There are 4 protein chains.
Amino acid sequence: MKKIGILGATGYTGEELLRYLSRHSEIELVFATSEHDAGKALRDLYPWLGRFRDSHLITGEQALNVTVDLVFLCLPHGESARWGEKFLTRGVKVVDLGADFRFSDAAHYQQWYHQPHPCPGFLAETVYGLCEWYRDEIRGRRVVGNPGCYPTATLLAALPFLAAGVVAEGPIVVDAKSGVSGAGKSPTRTTHYVEVNEGISAYKVGRSHRHVGEMEQELSRRRGAPQSLVFTPHLTPMSRGILAAVYLPLREDLSGDDLQGILQTRYAGERFVRILETEQPSTRWTAHSNLCLLHAERISGVPMALVTSAIDNLGKGAAGQAIQNMNLMLGFSEEAGLL
Amino acid sequence: MKKIGILGATGYTGEELLRYLSRHSEIELVFATSEHDAGKALRDLYPWLGRFRDSHLITGEQALNVTVDLVFLCLPHGESARWGEKFLTRGVKVVDLGADFRFSDAAHYQQWYHQPHPCPGFLAETVYGLCEWYRDEIRGRRVVGNPGCYPTATLLAALPFLAAGVVAEGPIVVDAKSGVSGAGKSPTRTTHYVEVNEGISAYKVGRSHRHVGEMEQELSRRRGAPQSLVFTPHLTPMSRGILAAVYLPLREDLSGDDLQGILQTRYAGERFVRILETEQPSTRWTAHSNLCLLHAERISGVPMALVTSAIDNLGKGAAGQAIQNMNLMLGFSEEAGLL
Amino acid sequence: MKKIGILGATGYTGEELLRYLSRHSEIELVFATSEHDAGKALRDLYPWLGRFRDSHLITGEQALNVTVDLVFLCLPHGESARWGEKFLTRGVKVVDLGADFRFSDAAHYQQWYHQPHPCPGFLAETVYGLCEWYRDEIRGRRVVGNPGCYPTATLLAALPFLAAGVVAEGPIVVDAKSGVSGAGKSPTRTTHYVEVNEGISAYKVGRSHRHVGEMEQELSRRRGAPQSLVFTPHLTPMSRGILAAVYLPLREDLSGDDLQGILQTRYAGERFVRILETEQPSTRWTAHSNLCLLHAERISGVPMALVTSAIDNLGKGAAGQAIQNMNLMLGFSEEAGLL
Amino acid sequence: MKKIGILGATGYTGEELLRYLSRHSEIELVFATSEHDAGKALRDLYPWLGRFRDSHLITGEQALNVTVDLVFLCLPHGESARWGEKFLTRGVKVVDLGADFRFSDAAHYQQWYHQPHPCPGFLAETVYGLCEWYRDEIRGRRVVGNPGCYPTATLLAALPFLAAGVVAEGPIVVDAKSGVSGAGKSPTRTTHYVEVNEGISAYKVGRSHRHVGEMEQELSRRRGAPQSLVFTPHLTPMSRGILAAVYLPLREDLSGDDLQGILQTRYAGERFVRILETEQPSTRWTAHSNLCLLHAERISGVPMALVTSAIDNLGKGAAGQAIQNMNLMLGFSEEAGLL
């Protein structure tokens, strides 16, 4: 039994981590923190919770004194790295669900998050926790930057084609739709039921969403050259789910079968990535799971592929992938707790 | 008082026409048809209806004997033209909410609808009823092809830039999201609440949706050369609304202000098209209205504009625009019944 | 043209008032206030607004200097009466959408709102603005307390049976379901999309909701003796609508037809109250309208009637009924702006 | 490893059974049937399914030749008993998710289902599968009638008070709200997204819903005398969940704490029934679980208790409870596959 802690257990990703961890037979939860709700029992916040329901939230400071093998960080960026450093220097492994450990280059981080990286010394050690692409590196590391929700959906769709060398020059256009839990648990005008219901709208269009940074890092790494991205996120009237429509300029005259074949070959044997043969992925099929569903089509008459990708933003896009990373880091079966 | 009839009054567009017509002080409803529900009172289908609530549905055959000035056709394509012809030859004006009178070329119609046009002789007379672009032609005509919902949202966004000559070569990518009423009132697996809720998915991707035909017709007409289109419709968990994200390759290095200026200039004085200065359009703001909300942004670092366009698919995308066309054809104020 | 003002125009009821007023041809809007957003144009808050879109919000203090015939108060209770008094003493008519003028007895008000009434001197003049029951009184008054949303749905269902003398002793049970706009526009945990979606729950059960006070006042008045009420409101995953299930103990062995007959007789000729013959009312049919839909059934084998009542909480339950009251007070057609 | 089969695997309860069974380590699925989709792989219907995804649907006739320990029946009533009989006579245990084995008396069944019971000879052996009330009987039986969704929510709320002898004479009023999956997977007008969204309405009110029969059977059994029931189901705009508001006339002047104490005592140690201390149950907290959340309050001033009860209609209200019954019948841990 490994000892696990959660820093920031009262947001939607913290809640989802508790859900997954409660089904994981090889771990025990030694703490869950909340600066605001410290002292409350988890059952008071999550009436549905079974295992762990009688645990009480503690503060981050109190957590520093608890013996623990691995912590999940569900904190705002900046905060995340500061707390991560404290645990890393205590010999504790870290999966950061925030942005601070997703970059290999502190300057690149600063460009997108408009502040110096709080502990750049650890960036050389971190790995981008997209399990299907960095599995071997993740196994040996003590710190992993869990990918963002939009990047997970986008990269799982686009990277196989970049790796196969079939993507032509020019920007990749990603038109993505997210459920409201992606906007966080803080009540705002934007997340009010009446403002969301019956309304879909774009936000932070073009290249202004922070996730563009980590997507370009990974797209460019795979291409071996700078890859630009046009990214349009949309807030969609649903609680969970991301659907990304990824428009790839094609170098060659590939058929739909060719494109599907590239996905099938790359993800053969993967447990959490599935290629749909004839249907378009729906976010509904990924809800409450760690799945990514993909489908590729050739646009007739235009040298372009459309790859659609569906995930649960709280599952494969956050807590599910974080558990998958934990499983790799601690030597468990990669699927433990995730089925 | 002009006499108005509706052919096919029991679908969502027929219902919405009744809603708008009941607020229109210069018309009277002389019939509404349904082959399936003939004999029923309108109040039995629409408990909310005030005016017209005691009218009874009749069959199409019965309607042919009623004196009427203008009929709305809310029928499947093919059917639409066949009934349209009968009324036109009786001297009745026709607004077709189906596809049959949207094309100027019978071969182009056949390419997209896979059947010969039922009455090609009338195509020379018809006009594409996008009011803000064909207002003068509509005024004099006796038959108008009311545009499809996706085309309305897309064309109002894209045409000003083609007209201004700023769109570069290459395909225009349109990623569009529609509420479920766009899929019609027939209960199917696709429209079942449980299948729709929490699920967004693409369908008929690339160039396979029938609306591509009329969009390319109008885009090409405005460019003065063939304009290709990549079109991805999505079914979205909401009852109403279309949001189109229109990605335009740019010929010149235009700023966001330049792009907004093109929209503002083109639609100055238009009552139903509004340019949002700082916010992104949401479908929520267009529900139950004949409005189209637009916003344009320049994608930084890439020669591309993103124009977002929101309408109510049953309003400006169907019944609202049909009323606007009727108003033009019958010499009413263009806004009558629509405010 | 009468001059109309709105105190508190940025909540959901203020917004809905603007929507209705913009269709009303006999009024002009002379001000709309917001302490928080004073200075902004209405179009900035309501991109869909046509008429009035270029008006600018002012403060309440500024509004006191504007010549106006009637003001709508959309303010918190307490605040409402304080501002109402200022306008009444200036000779301006007042429709209060808050609770302060719904009671004829200051002590009764204090019992439910836990504060002394701010201007008890006006209570003798006020009338409970349930138009179908107090039409004649409303016509002559200068101040009307517009009923709450739950009370409107409940009272329109229950009062005909109390008036007919067929309700037996014992509590009336009302199980009511409300859309989220009834909880106001302030973002809270309760109104967060993710907390609402897929969740229905009761709140303030038994006799703890403030609306119980005005409902018992009106039920008892009609019975001519104290009538107790068991009231369970529920927050329901929808933006608009109230459905009330009203369980009435019956004095006599009445049939379903008898019960429907009592409703039909009482509301014969009413424009905004409709009795459904065979179907159960759905909130969907009342959305964006001033309608109340009713249906009564006899429970077989038990001396009880079930009356179901649907309204739009922002329509007949707030802004619609407020307009109806204004129409009565200013001598307009009762339906003006409401169709 | 026990061998399990599902008769009727393509409806929502069949789908949910597959979801639960795929997490159950002590069973293997030996068949899943569908007369309509026989031959298809499960992955074609359920793209999200992991385990069993390559199994192919067979017909009921084919299933009769497969060696199996227990079958779940997800079939229409009547059908259910006919197939149940075939498997029972082959020595196979049966959990029927339909209505046919919920009654101990064939005449009572006929009263509510308007047809003679297809195999009355088995009724003496069957047990009503409400696990928290019939656990010991279930353990020894070979056929269990899995309770309906409304009855599960209602009975778990009401039975403790009848058992405690505190319920006064007179009808119990149950006002219940159900998600749309309770209406089945067949596309109908009633389940069309646009008809459901923003609409809540009652249906089969009074005593006309078939579930009244089994509820009265169990309520009366616990009271030891006939107990009448007034039952109002509502269709609610959500995919899953039942919330029942149960109004109980009280014999004694019990406090809220007394009422909560009755629940806590009765369900102490139960894994799937939880008593909320201060909050009202929300269906949202029970989604995708086998939980029932309960809360009781005393109505002040009226001798009445309100007990609110939330379940997932597909979980504790169908597939979850069916798994719980299977676990009891096959000697597994009662929680296996359900956490």
# chains A, B, ... in the order shown; residues from 1 in each chain; ligands from 1

$ residues_around --residues "Lys3 of chain D" --least-positions-apart "4" --cutoff "7 Å" --atoms "only C-alpha atoms" --output "PyMOL selection string"
chain D and resi 27-30+68-70

$ write_last_selection --atoms "N, CA, C and O atoms" --output "JSON list (two decimals), in the first residue's frame"
[["chain", "number", "residue", "atom", "x", "y", "z"],
["D", 27, "ILE", "N", -17.07, -12.67, -11.93],
["D", 27, "ILE", "CA", -18.01, -13.18, -12.92],
["D", 27, "ILE", "C", -17.40, -13.14, -14.31],
["D", 27, "ILE", "O", -16.45, -12.39, -14.57],
["D", 28, "GLU", "N", -17.95, -13.94, -15.19],
["D", 28, "GLU", "CA", -17.67, -13.76, -16.61],
["D", 28, "GLU", "C", -19.00, -13.67, -17.34],
["D", 28, "GLU", "O", -20.00, -14.26, -16.92],
["D", 29, "LEU", "N", -19.01, -12.88, -18.38],
["D", 29, "LEU", "CA", -20.24, -12.72, -19.16],
["D", 29, "LEU", "C", -20.24, -13.79, -20.24],
["D", 29, "LEU", "O", -19.34, -13.83, -21.08],
["D", 30, "VAL", "N", -21.24, -14.68, -20.20],
["D", 30, "VAL", "CA", -21.25, -15.75, -21.21],
["D", 30, "VAL", "C", -22.19, -15.44, -22.38],
["D", 30, "VAL", "O", -22.06, -16.02, -23.45],
["D", 68, "VAL", "N", -24.85, -21.41, -18.02],
["D", 68, "VAL", "CA", -24.88, -20.12, -17.32],
["D", 68, "VAL", "C", -25.38, -20.35, -15.90],
["D", 68, "VAL", "O", -26.17, -21.26, -15.64],
["D", 69, "ASP", "N", -24.89, -19.55, -14.96],
["D", 69, "ASP", "CA", -25.31, -19.69, -13.56],
["D", 69, "ASP", "C", -26.49, -18.78, -13.21],
["D", 69, "ASP", "O", -27.35, -19.15, -12.43],
["D", 70, "LEU", "N", -26.47, -17.58, -13.78],
["D", 70, "LEU", "CA", -27.51, -16.61, -13.43],
["D", 70, "LEU", "C", -27.76, -15.71, -14.63],
["D", 70, "LEU", "O", -26.83, -15.30, -15.32]]

$ select_by_dssp --residues "segment 14-51 of chain D" --states "helix (DSSP H, G or I)" --output "PyMOL selection string"
chain D and resi 14-21+42-45

$ write_last_selection --atoms "N, CA and C atoms" --output "JSON list (two decimals), in the first residue's frame"
[["chain", "number", "residue", "atom", "x", "y", "z"],
["D", 14, "GLY", "N", -29.80, -2.70, -19.54],
["D", 14, "GLY", "CA", -28.82, -3.67, -20.01],
["D", 14, "GLY", "C", -27.44, -3.05, -20.12],
["D", 15, "GLU", "N", -27.39, -1.85, -20.67],
["D", 15, "GLU", "CA", -26.13, -1.13, -20.80],
["D", 15, "GLU", "C", -25.48, -0.91, -19.43],
["D", 16, "GLU", "N", -26.32, -0.51, -18.47],
["D", 16, "GLU", "CA", -25.78, -0.23, -17.14],
["D", 16, "GLU", "C", -25.30, -1.52, -16.46],
["D", 17, "LEU", "N", -26.00, -2.63, -16.69],
["D", 17, "LEU", "CA", -25.53, -3.91, -16.16],
["D", 17, "LEU", "C", -24.15, -4.24, -16.71],
["D", 18, "LEU", "N", -23.94, -4.02, -18.01],
["D", 18, "LEU", "CA", -22.62, -4.28, -18.60],
["D", 18, "LEU", "C", -21.56, -3.44, -17.92],
["D", 19, "ARG", "N", -21.90, -2.19, -17.63],
["D", 19, "ARG", "CA", -20.95, -1.29, -16.99],
["D", 19, "ARG", "C", -20.55, -1.83, -15.61],
["D", 20, "TYR", "N", -21.54, -2.23, -14.84],
["D", 20, "TYR", "CA", -21.23, -2.76, -13.50],
["D", 20, "TYR", "C", -20.51, -4.11, -13.59],
["D", 21, "LEU", "N", -21.00, -4.98, -14.45],
["D", 21, "LEU", "CA", -20.39, -6.32, -14.55],
["D", 21, "LEU", "C", -18.93, -6.24, -14.99],
["D", 42, "LEU", "N", -20.48, -5.97, -29.03],
["D", 42, "LEU", "CA", -20.85, -4.98, -28.01],
["D", 42, "LEU", "C", -20.14, -3.66, -28.22],
["D", 43, "ARG", "N", -18.92, -3.70, -28.72],
["D", 43, "ARG", "CA", -18.18, -2.44, -28.94],
["D", 43, "ARG", "C", -18.88, -1.54, -29.96],
["D", 44, "ASP", "N", -19.66, -2.15, -30.85],
["D", 44, "ASP", "CA", -20.34, -1.34, -31.86],
["D", 44, "ASP", "C", -21.46, -0.52, -31.22],
["D", 45, "LEU", "N", -22.07, -1.07, -30.17],
["D", 45, "LEU", "CA", -23.13, -0.34, -29.48],
["D", 45, "LEU", "C", -22.57, 0.57, -28.39]]

$ closest_atom_pairs --of "chain B" --to "chain D" --cutoff "9 Å" --atoms "only C-alpha atoms" --output "CSV"
residue,atom,partner,partner_atom,distance
B:Gly179,CA,D:Val194,CA,8.9
B:Val180,CA,D:Val194,CA,6.6
B:Ser181,CA,D:Val194,CA,6.3
B:Lys185,CA,D:His192,CA,7.7
B:Ser186,CA,D:Arg189,CA,7.5
B:Pro187,CA,D:Pro187,CA,5.1
B:Thr188,CA,D:Pro187,CA,5.1
B:Arg189,CA,D:Pro187,CA,5.7
B:Thr190,CA,D:Pro187,CA,8.6
B:Thr191,CA,D:His192,CA,5.5
B:His192,CA,D:His192,CA,4.8
B:Tyr193,CA,D:Tyr193,CA,4.1
B:Val194,CA,D:Ser239,CA,5.2
B:Glu195,CA,D:Tyr193,CA,8.6
B:Val196,CA,D:Tyr193,CA,6.9
B:Asn197,CA,D:Ser239,CA,7.0
B:Glu198,CA,D:Ser239,CA,8.9
B:Pro237,CA,D:Tyr193,CA,8.3
B:Met238,CA,D:Asn197,CA,7.8
B:Ser239,CA,D:Val194,CA,5.2
B:Arg240,CA,D:Val194,CA,8.4

$ write_last_selection --atoms "N, CA, C and O atoms" --output "PDB file, in the first residue's frame"
ATOM      1  N   GLY B 179     -28.059  23.346 -32.222  1.00  0.00           N
ATOM      2  CA  GLY B 179     -29.004  22.757 -31.290  1.00  0.00           C
ATOM      3  C   GLY B 179     -29.822  21.660 -31.954  1.00  0.00           C
ATOM      4  O   GLY B 179     -29.831  21.520 -33.189  1.00  0.00           O
ATOM      5  N   VAL B 180     -30.531  20.888 -31.145  1.00  0.00           N
ATOM      6  CA  VAL B 180     -31.161  19.661 -31.605  1.00  0.00           C
ATOM      7  C   VAL B 180     -32.402  19.902 -32.448  1.00  0.00           C
ATOM      8  O   VAL B 180     -32.770  19.074 -33.276  1.00  0.00           O
ATOM      9  N   SER B 181     -33.047  21.044 -32.288  1.00  0.00           N
ATOM     10  CA  SER B 181     -34.239  21.283 -33.115  1.00  0.00           C
ATOM     11  C   SER B 181     -33.872  21.300 -34.594  1.00  0.00           C
ATOM     12  O   SER B 181     -34.727  21.034 -35.444  1.00  0.00           O
ATOM     13  N   LYS B 185     -38.227  17.160 -35.786  1.00  0.00           N
ATOM     14  CA  LYS B 185     -39.090  16.777 -34.676  1.00  0.00           C
ATOM     15  C   LYS B 185     -39.327  15.267 -34.611  1.00  0.00           C
ATOM     16  O   LYS B 185     -39.812  14.759 -33.598  1.00  0.00           O
ATOM     17  N   SER B 186     -38.966  14.546 -35.667  1.00  0.00           N
ATOM     18  CA  SER B 186     -39.168  13.099 -35.630  1.00  0.00           C
ATOM     19  C   SER B 186     -38.290  12.486 -34.548  1.00  0.00           C
ATOM     20  O   SER B 186     -37.106  12.766 -34.480  1.00  0.00           O
ATOM     21  N   PRO B 187     -38.873  11.666 -33.705  1.00  0.00           N
ATOM     22  CA  PRO B 187     -38.053  11.047 -32.667  1.00  0.00           C
ATOM     23  C   PRO B 187     -37.119  10.011 -33.283  1.00  0.00           C
ATOM     24  O   PRO B 187     -37.564   9.133 -34.010  1.00  0.00           O
ATOM     25  N   THR B 188     -35.849  10.148 -33.042  1.00  0.00           N
ATOM     26  CA  THR B 188     -34.862   9.186 -33.527  1.00  0.00           C
ATOM     27  C   THR B 188     -33.869   8.929 -32.400  1.00  0.00           C
ATOM     28  O   THR B 188     -33.860   9.635 -31.391  1.00  0.00           O
ATOM     29  N   ARG B 189     -33.050   7.950 -32.614  1.00  0.00           N
ATOM     30  CA  ARG B 189     -31.970   7.674 -31.670  1.00  0.00           C
ATOM     31  C   ARG B 189     -31.144   8.941 -31.424  1.00  0.00           C
ATOM     32  O   ARG B 189     -30.783   9.261 -30.300  1.00  0.00           O
ATOM     33  N   THR B 190     -30.861   9.659 -32.504  1.00  0.00           N
ATOM     34  CA  THR B 190     -29.997  10.837 -32.442  1.00  0.00           C
ATOM     35  C   THR B 190     -30.581  11.963 -31.605  1.00  0.00           C
ATOM     36  O   THR B 190     -29.844  12.763 -31.033  1.00  0.00           O
ATOM     37  N   THR B 191     -31.912  12.042 -31.550  1.00  0.00           N
ATOM     38  CA  THR B 191     -32.528  13.165 -30.847  1.00  0.00           C
ATOM     39  C   THR B 191     -33.061  12.773 -29.466  1.00  0.00           C
ATOM     40  O   THR B 191     -33.673  13.591 -28.793  1.00  0.00           O
ATOM     41  N   HIS B 192     -32.847  11.534 -29.054  1.00  0.00           N
ATOM     42  CA  HIS B 192     -33.277  11.085 -27.717  1.00  0.00           C
ATOM     43  C   HIS B 192     -32.512  11.889 -26.665  1.00  0.00           C
ATOM     44  O   HIS B 192     -31.306  12.063 -26.753  1.00  0.00           O
ATOM     45  N   TYR B 193     -33.235  12.356 -25.660  1.00  0.00           N
ATOM     46  CA  TYR B 193     -32.621  13.210 -24.650  1.00  0.00           C
ATOM     47  C   TYR B 193     -31.339  12.615 -24.077  1.00  0.00           C
ATOM     48  O   TYR B 193     -30.313  13.294 -23.943  1.00  0.00           O
ATOM     49  N   VAL B 194     -31.403  11.332 -23.741  1.00  0.00           N
ATOM     50  CA  VAL B 194     -30.259  10.709 -23.068  1.00  0.00           C
ATOM     51  C   VAL B 194     -29.051  10.598 -24.000  1.00  0.00           C
ATOM     52  O   VAL B 194     -27.907  10.629 -23.559  1.00  0.00           O
ATOM     53  N   GLU B 195     -29.316  10.484 -25.300  1.00  0.00           N
ATOM     54  CA  GLU B 195     -28.210  10.388 -26.253  1.00  0.00           C
ATOM     55  C   GLU B 195     -27.584  11.757 -26.514  1.00  0.00           C
ATOM     56  O   GLU B 195     -26.416  11.850 -26.881  1.00  0.00           O
ATOM     57  N   VAL B 196     -28.369  12.796 -26.351  1.00  0.00           N
ATOM     58  CA  VAL B 196     -27.894  14.149 -26.652  1.00  0.00           C
ATOM     59  C   VAL B 196     -27.204  14.768 -25.432  1.00  0.00           C
ATOM     60  O   VAL B 196     -26.137  15.374 -25.551  1.00  0.00           O
ATOM     61  N   ASN B 197     -27.828  14.613 -24.294  1.00  0.00           N
ATOM     62  CA  ASN B 197     -27.378  15.283 -23.072  1.00  0.00           C
ATOM     63  C   ASN B 197     -25.931  14.907 -22.757  1.00  0.00           C
ATOM     64  O   ASN B 197     -25.555  13.736 -22.839  1.00  0.00           O
ATOM     65  N   GLU B 198     -25.129  15.899 -22.404  1.00  0.00           N
ATOM     66  CA  GLU B 198     -23.723  15.688 -22.070  1.00  0.00           C
ATOM     67  C   GLU B 198     -22.914  15.153 -23.243  1.00  0.00           C
ATOM     68  O   GLU B 198     -21.799  14.666 -23.053  1.00  0.00           O
ATOM     69  N   PRO B 237     -25.699  19.804 -27.150  1.00  0.00           N
ATOM     70  CA  PRO B 237     -26.804  19.599 -26.214  1.00  0.00           C
ATOM     71  C   PRO B 237     -27.536  20.891 -25.846  1.00  0.00           C
ATOM     72  O   PRO B 237     -27.365  21.434 -24.754  1.00  0.00           O
ATOM     73  N   MET B 238     -28.331  21.374 -26.756  1.00  0.00           N
ATOM     74  CA  MET B 238     -29.197  22.525 -26.513  1.00  0.00           C
ATOM     75  C   MET B 238     -30.344  22.419 -27.523  1.00  0.00           C
ATOM     76  O   MET B 238     -30.223  21.725 -28.534  1.00  0.00           O
ATOM     77  N   SER B 239     -31.445  23.086 -27.237  1.00  0.00           N
ATOM     78  CA  SER B 239     -32.609  22.964 -28.113  1.00  0.00           C
ATOM     79  C   SER B 239     -32.460  23.802 -29.372  1.00  0.00           C
ATOM     80  O   SER B 239     -32.841  23.383 -30.458  1.00  0.00           O
ATOM     81  N   ARG B 240     -31.920  24.993 -29.221  1.00  0.00           N
ATOM     82  CA  ARG B 240     -31.861  25.952 -30.316  1.00  0.00           C
ATOM     83  C   ARG B 240     -30.470  26.553 -30.432  1.00  0.00           C
ATOM     84  O   ARG B 240     -29.754  26.635 -29.461  1.00  0.00           O
TER      85      ARG B 240
END

$ residues_around --residues "Thr283 of chain D" --least-positions-apart "6" --cutoff "7 Å" --atoms "only C-alpha atoms" --output "PyMOL selection string"
(chain C and resi 198-201) or (chain D and resi 241-243+310-312)

$ residues_around --residues "segment 263-271 of chain A" --least-positions-apart "3" --cutoff "8 Å" --atoms "only C-alpha atoms" --output "list in words"
Glu132, Pro160, Phe161, Leu259, Gln260, Arg274, Ile275, Ala296 and Glu335 of chain A
